Structure formats: structure tokens, C-alpha cells
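Okay, input08.csv is below, CSV, C-alpha atoms:
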chain,number,residue,atom,x,y,z
X,1,MET,CA,192.4,-144.2,-64.4
X,2,ILE,CA,191.3,-147.3,-66.5
X,3,LYS,CA,187.9,-148.9,-66.9
X,4,VAL,CA,187.1,-152.6,-66.4
X,5,GLU,CA,184.0,-153.9,-68.1
X,6,PHE,CA,182.3,-157.3,-67.5
X,7,LEU,CA,180.7,-158.9,-70.5
X,8,GLY,CA,177.8,-161.3,-71.1
X,9,PRO,CA,176.5,-163.2,-68.1
X,10,ILE,CA,178.8,-161.6,-65.5
X,11,ALA,CA,176.3,-158.8,-65.5
X,12,ARG,CA,178.2,-156.4,-63.3
X,13,PRO,CA,178.6,-152.6,-63.7
X,14,SER,CA,181.9,-151.4,-65.0
X,15,LEU,CA,184.7,-150.4,-62.5
X,16,GLU,CA,187.1,-147.6,-62.7
X,17,MET,CA,190.5,-148.0,-61.1
X,18,GLU,CA,194.2,-146.9,-61.0
X,19,ALA,CA,196.3,-149.6,-62.6
X,20,SER,CA,199.7,-149.6,-64.4
X,21,THR,CA,199.6,-153.3,-65.5
X,22,LEU,CA,197.1,-156.1,-65.6
X,23,VAL,CA,198.6,-157.4,-62.4
X,24,ASP,CA,197.1,-154.4,-60.6
X,25,VAL,CA,193.7,-155.2,-62.3
X,26,ALA,CA,194.0,-158.9,-61.2
X,27,ASN,CA,194.8,-158.0,-57.6
X,28,ARG,CA,191.9,-155.5,-57.4
X,29,LEU,CA,189.4,-158.0,-58.9
X,30,LYS,CA,190.5,-160.7,-56.6
X,31,GLU,CA,189.3,-158.6,-53.6
X,32,ASP,CA,185.7,-159.3,-54.8
X,33,GLU,CA,184.7,-162.9,-53.8
X,34,GLU,CA,181.9,-163.0,-56.4
X,35,LEU,CA,184.4,-162.1,-59.2
X,36,VAL,CA,187.1,-164.6,-58.1
X,37,SER,CA,184.9,-167.5,-59.2
X,38,TRP,CA,184.9,-166.0,-62.8
X,39,LEU,CA,188.5,-165.1,-63.2
X,40,ASP,CA,190.0,-168.6,-63.8
X,41,LYS,CA,187.7,-169.1,-66.8
X,42,CYS,CA,187.7,-165.6,-68.3
X,43,ALA,CA,189.7,-164.1,-71.1
X,44,VAL,CA,190.8,-160.5,-71.3
X,45,ALA,CA,190.8,-157.8,-74.0
X,46,LEU,CA,192.5,-154.5,-73.8
X,47,ASN,CA,190.8,-151.8,-75.9
X,48,ASP,CA,189.1,-154.6,-77.9
X,49,THR,CA,192.3,-156.6,-78.6
X,50,MET,CA,192.7,-160.0,-76.8
X,51,VAL,CA,195.7,-160.0,-74.5
X,52,ASN,CA,197.7,-162.9,-72.9
X,53,ASP,CA,200.4,-161.0,-71.0
X,54,LEU,CA,199.9,-159.9,-67.4
X,55,THR,CA,202.7,-157.4,-67.6
X,56,THR,CA,200.9,-155.5,-70.4
X,57,ARG,CA,201.3,-151.8,-69.5
X,58,LEU,CA,198.1,-149.8,-69.1
X,59,LYS,CA,197.6,-146.1,-69.7
X,60,ASP,CA,195.0,-143.5,-68.7
X,61,GLY,CA,191.7,-144.1,-70.5
X,62,ASP,CA,192.4,-147.8,-71.3
X,63,ARG,CA,189.4,-150.2,-71.3
X,64,VAL,CA,189.9,-153.8,-70.1
X,65,SER,CA,187.1,-156.2,-71.0
X,66,ILE,CA,186.5,-159.5,-69.1
X,67,LEU,CA,185.1,-162.2,-71.3
X,68,PRO,CA,183.5,-165.3,-69.7
X,69,PRO,CA,183.1,-168.7,-71.5
X,70,VAL,CA,181.4,-168.5,-74.8
X,71,CYS,CA,179.0,-170.5,-76.8
X,72,GLY,CA,177.9,-169.1,-80.2
X,73,GLY,CA,175.8,-170.8,-82.8
T,1,MET,CA,179.9,-160.4,-91.1
T,2,GLU,CA,176.2,-159.8,-90.5
T,3,LEU,CA,174.4,-159.5,-87.1
T,4,TYR,CA,170.6,-159.5,-86.8
T,5,ASP,CA,168.1,-158.9,-84.0
T,6,GLY,CA,166.3,-162.2,-83.7
T,7,PRO,CA,166.2,-165.2,-86.0
T,8,LEU,CA,168.0,-165.4,-89.3
T,9,ALA,CA,166.3,-165.4,-92.7
T,10,VAL,CA,168.4,-168.3,-93.9
T,11,LYS,CA,167.2,-168.5,-97.5
T,12,GLU,CA,167.5,-164.8,-98.0
T,13,ILE,CA,171.0,-164.6,-96.5
T,14,PHE,CA,172.4,-167.7,-98.1
T,15,GLY,CA,170.7,-166.8,-101.4
T,16,ARG,CA,172.3,-163.4,-101.4
T,17,TRP,CA,175.7,-164.9,-100.6
T,18,LEU,CA,175.3,-167.2,-103.6
T,19,ASP,CA,174.5,-164.2,-105.8
T,20,GLU,CA,177.5,-162.3,-104.5
T,21,GLU,CA,179.8,-165.1,-105.5
T,22,ALA,CA,178.0,-166.2,-108.6
T,23,GLU,CA,180.7,-164.9,-110.9
T,24,SER,CA,183.7,-165.5,-108.6
T,25,ASN,CA,184.7,-168.8,-110.2
T,26,TYR,CA,184.6,-170.8,-106.9
T,27,GLY,CA,184.2,-174.5,-107.4
T,28,ALA,CA,182.9,-175.4,-103.9
T,29,TYR,CA,180.4,-173.8,-101.6
T,30,ILE,CA,179.7,-175.2,-98.1
T,31,PRO,CA,177.0,-173.6,-95.9
T,32,PHE,CA,176.7,-174.4,-92.2
T,33,VAL,CA,173.3,-173.6,-90.6
T,34,GLY,CA,172.7,-173.8,-86.9
T,35,THR,CA,169.1,-174.0,-85.7
T,36,ILE,CA,167.5,-174.1,-82.2
T,37,ARG,CA,166.5,-177.6,-81.1
T,38,ALA,CA,163.7,-178.3,-78.7
T,39,GLU,CA,165.4,-179.8,-75.6
T,40,ASP,CA,165.3,-179.5,-71.8
T,41,GLY,CA,162.0,-177.5,-72.0
T,42,ILE,CA,163.5,-174.4,-73.5
T,43,GLU,CA,161.3,-171.9,-75.3
T,44,ALA,CA,164.1,-170.2,-77.2
T,45,LEU,CA,167.8,-169.5,-77.0
T,46,SER,CA,169.1,-166.0,-76.5
T,47,PHE,CA,172.5,-164.4,-77.4
T,48,ASP,CA,174.7,-161.6,-76.3
T,49,ILE,CA,177.5,-160.6,-78.6
T,50,TYR,CA,180.5,-158.4,-78.1
T,51,GLU,CA,180.8,-156.9,-81.5
T,52,PRO,CA,184.3,-155.3,-81.6
T,53,VAL,CA,186.1,-158.5,-80.6
T,54,LEU,CA,183.9,-160.7,-82.8
T,55,GLN,CA,184.7,-158.4,-85.8
T,56,ALA,CA,188.5,-158.8,-85.1
T,57,TRP,CA,188.1,-162.6,-84.7
T,58,PHE,CA,186.2,-162.7,-88.0
T,59,ASP,CA,188.7,-160.4,-89.8
T,60,THR,CA,191.5,-162.9,-88.8
T,61,TRP,CA,189.5,-165.8,-90.4
T,62,GLN,CA,188.9,-163.8,-93.6
T,63,LYS,CA,192.7,-163.3,-93.9
T,64,LYS,CA,193.3,-167.1,-93.3
T,65,ALA,CA,190.6,-167.9,-96.0
T,66,LYS,CA,192.1,-165.4,-98.4
T,67,ALA,CA,195.5,-167.0,-98.1
T,68,LEU,CA,193.9,-170.3,-99.2
T,69,GLY,CA,192.1,-168.5,-102.1
T,70,ALA,CA,188.8,-168.9,-100.3
T,71,VAL,CA,186.1,-166.7,-98.7
T,72,VAL,CA,184.3,-167.1,-95.4
T,73,LYS,CA,181.0,-165.5,-94.5
T,74,MET,CA,178.9,-165.5,-91.4
T,75,ALA,CA,175.7,-164.2,-89.9
T,76,HIS,CA,174.5,-164.5,-86.3
T,77,ALA,CA,171.4,-163.6,-84.3
T,78,LYS,CA,171.3,-161.3,-81.3
T,79,GLY,CA,168.6,-161.6,-78.6
T,80,ASP,CA,166.0,-164.3,-78.6
T,81,VAL,CA,165.7,-167.0,-81.3
T,82,PRO,CA,162.6,-169.3,-81.0
T,83,LEU,CA,162.7,-173.1,-81.5
T,84,HIS,CA,163.4,-174.4,-85.0
T,85,GLN,CA,164.7,-171.1,-86.3
T,86,SER,CA,168.3,-170.3,-87.1
T,87,SER,CA,170.8,-168.4,-85.0
T,88,TYR,CA,173.9,-168.9,-87.0
T,89,ILE,CA,174.9,-169.3,-90.6
T,90,SER,CA,178.4,-169.5,-92.1
T,91,ALA,CA,179.7,-170.5,-95.4
T,92,VAL,CA,182.9,-171.1,-97.2
T,93,PHE,CA,183.4,-170.5,-100.9
T,94,SER,CA,186.6,-171.9,-102.4
T,95,PRO,CA,188.2,-173.0,-105.6
T,96,LYS,CA,188.3,-176.7,-104.6
T,97,ARG,CA,186.4,-178.9,-102.3
T,98,ARG,CA,189.2,-180.0,-100.0
T,99,VAL,CA,190.0,-176.5,-98.9
T,100,ALA,CA,186.3,-175.7,-98.4
T,101,LEU,CA,185.7,-178.9,-96.3
T,102,GLU,CA,188.7,-178.3,-94.1
T,103,LEU,CA,188.1,-174.6,-93.7
T,104,ILE,CA,184.4,-174.9,-92.7
T,105,ASP,CA,185.4,-177.4,-90.0
T,106,ALA,CA,188.2,-175.3,-88.6
T,107,PHE,CA,186.2,-172.1,-88.8
T,108,VAL,CA,183.1,-173.5,-87.1
T,109,GLU,CA,185.1,-175.2,-84.4
T,110,ASP,CA,187.1,-172.0,-83.6
T,111,PHE,CA,183.8,-170.0,-83.7
T,112,LYS,CA,182.5,-172.2,-81.0
T,113,ALA,CA,185.6,-171.8,-78.9
T,114,ASN,CA,186.6,-168.1,-79.4
T,115,ALA,CA,183.8,-166.0,-80.9
T,116,PRO,CA,182.6,-163.7,-78.1
T,117,ILE,CA,179.0,-164.8,-78.0
T,118,TRP,CA,177.1,-165.8,-74.9
T,119,LYS,CA,174.2,-168.2,-75.0
T,120,TYR,CA,171.2,-168.3,-72.7
T,121,ASP,CA,168.4,-170.8,-72.4
T,122,VAL,CA,165.0,-169.1,-72.2
T,123,LYS,CA,162.6,-170.9,-69.8
T,124,ASN,CA,159.4,-169.4,-68.5
T,125,GLY,CA,160.5,-166.1,-70.0
T,126,GLU,CA,163.8,-166.1,-68.0
T,127,ARG,CA,167.3,-166.1,-69.5
T,128,ILE,CA,169.6,-168.7,-68.0
T,129,TYR,CA,173.3,-168.6,-69.0
T,130,ALA,CA,174.2,-171.9,-70.7
T,131,GLU,CA,177.3,-172.2,-68.6
T,132,ASP,CA,177.7,-176.0,-68.9
T,133,ARG,CA,177.8,-175.7,-72.7
T,134,SER,CA,180.2,-172.8,-72.8
T,135,THR,CA,184.0,-172.9,-73.4
T,136,PRO,CA,186.6,-170.6,-71.9
T,137,MET,CA,188.3,-168.6,-74.7
T,138,ASP,CA,192.0,-169.0,-75.5
T,139,GLY,CA,194.0,-167.3,-72.9
T,140,SER,CA,191.4,-167.6,-70.1
T,141,GLY,CA,192.6,-167.5,-66.5
T,142,LEU,CA,195.0,-164.7,-67.1
T,143,LEU,CA,193.8,-162.7,-64.1
T,144,ALA,CA,193.2,-165.7,-61.8

Would you write the structure of this file as C-alpha cells?
Amino acid sequence: MIKVEFLGPIARPSLEMEASTLVDVANRLKEDEELVSWLDKCAVALNDTMVNDLTTRLKDGDRVSILPPVCGG
Amino acid sequence: MELYDGPLAVKEIFGRWLDEEAESNYGAYIPFVGTIRAEDGIEALSFDIYEPVLQAWFDTWQKKAKALGAVVKMAHAKGDVPLHQSSYISAVFSPKRRVALELIDAFVEDFKANAPIWKYDVKNGERIYAEDRSTPMDGSGLLA
């Protein structure tokens, strides 16, 4: 089981799911119409490290963070 | 890296940074101070920060600065910051001006693009995500 958390303005409770790679996470999140509109503009962190590879392997207890567009300062 | 609830005490923070580097033999100091402007009827801006990824981002910049013989520092506000107060300060201390000028430019631009901080306009006491002024971080769209 892994945990997916939505940061900042997405304002959604975390989800727990079975997933072996980020492809599984993407497929699950795309089932939610409200989330689909966020996905093309969100970056992804795995256990607080930014990731760019969909084939990244996931293990039990991993935490995937969804980071929407930013504007600091 | 320093994070504060509410507006930044600019003079105290930058004064302390000057004291910290007073004997470091740097030849150039460049501060950048961001303040909240009155526009579009806002009462304040408000900020959410994801600290673990922000710290990792900042650590990478400290390494880049160190490789150039320089130091970067930053402070940012969390929560509401009223008009005309400061939400963000950064500074570069370097041996020579050219490194400092280039580094503050690159650092602040990458901060705007990749620091995990979310901005909201505060109007009538309500927080409204500043979506039109926000930038997708590097690597966005991975799950689309």
C-alpha cells in the first residue's frame, strides 16, 4: 500500500492504494474527473524527492506527493 | 533557510545575515526583498509551503553557490502577509560582484519556478489560489 497526498490548492484528502509503479498511480488518479484537470500541470515527488520517471518502482509505505503550479515570493 | 508565520522582519533578518558574514571576506552582498503590493482589491497574500521539498531545493542551490565561492540565504513567510509587508527575502554573498549579480538572478528565477510554495489572494477574508500567476514545476505532467 502506498499513500498519495495532494499539496497546496488541490485541497483533497490523501489516498491509499496498491501500486507498483507511478503508471499505476496515474491510472488510478485519472479515474477521478476532478483530478484529471490538475494532472497535466502537476509535478510529482516520491518520499520528498522530485521524480521524472513513470517507471519508478514503488514499495509498501511509499509516499507520493502531487505538487500543483507554484508561485513563491 | 528560515520560514516564519506571517510577515518577515526584513531589517532584523537581513541585519543578522550581514552580521553572520561580516568577517567572511565577501566583496559583494545583494539582497532581494519581495513585498505585497496593493492590486486587484486584495487585503493580503497567503502562502502554503511544502517544507521537505523546499529544503531539498534550497540545499541544491547552496551547493551551486558554494561551488562559485558564494553563499545564498533565504527567508519566506507562511500564512497571511498584509499589504506592504514582506513575504520573501533572499541574499547572495560572494567574493566578486559578477558572481553575485548572476547568482541572485538565477536563484530568484528558479525560486519562482520550482520552490514548492503556493500563493493565494486574500479578498473578503477568503483565500483564492493565484492560479494565473503560478508556474508548473519542472517535470509537471508526468501523471497526465

Counting all atoms listed in the file, chain X residues within 8 Å of chain T, as a ChimeraX atom specification: /X:7-9,22-23,25-26,30,36,39-44,48-54,67-73

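As for CA of Ala100 (chain T) and CA of Ile30 (chain T), they are spaced 6.6 Å apart.
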
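Using all atoms listed in the file, the shortest contact distance between Ile2 (chain X) and any of X:Glu31, X:Asp24, X:Ser65, X:Asp60 is found at X:Asp60.
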
Selected residue of minimal separation from Asp62 (chain X) among X:Ser20, X:Asn27, X:Asn47, X:Ser37, counting all atoms listed in the file: X:Asn47

Point-to-point distance from CA of Asp32 (chain X) to CA of Glu5 (chain X), Å rounded to tenths: 14.5 Å

Any idea what's packed within 10 Å of Glu16 (chain X), counting all atoms listed in the file, ignoring anything in its chain fewer than 4 positions away? Could you give it as a CSV table (one decimal) with C-alpha atoms, keeping the file's coordinate frame?
chain,number,residue,atom,x,y,z
X,1,MET,CA,192.4,-144.2,-64.4
X,2,ILE,CA,191.3,-147.3,-66.5
X,3,LYS,CA,187.9,-148.9,-66.9
X,4,VAL,CA,187.1,-152.6,-66.4
X,5,GLU,CA,184.0,-153.9,-68.1
X,61,GLY,CA,191.7,-144.1,-70.5
X,63,ARG,CA,189.4,-150.2,-71.3

Which centre and edge lengths in Å to one decimal define the box along x, y and z that fits every listed atom of region 121-130 of chain T plus 3 Å per side, as JSON?
{"center_x": 166.8, "center_y": -169.0, "center_z": -70.2, "size_x": 20.8, "size_y": 11.8, "size_z": 10.4}

Distance query Asn124 (chain T) at most 8 Å, only C-alpha atoms, self and fewer than 2 positions along chain excluded, as a PyMOL selection string: chain T and resi 43+122+126

One-decimal distance in Å that lies between CA of Phe14 (chain T) and CA of Ala38 (chain T):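 Atom-to-atom, CA of Ala38 (chain T) to CA of Phe14 (chain T), that is 23.8 Å.
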
Of the listed residues T:Gly27, T:Gly15, T:Asp80, T:Leu3, that which approaches Lys96 (chain T) most closely, counting all atoms listed in the file: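 When distances to Lys96 (chain T) are compared using all atoms listed in the file, the smallest one comes from T:Gly27.
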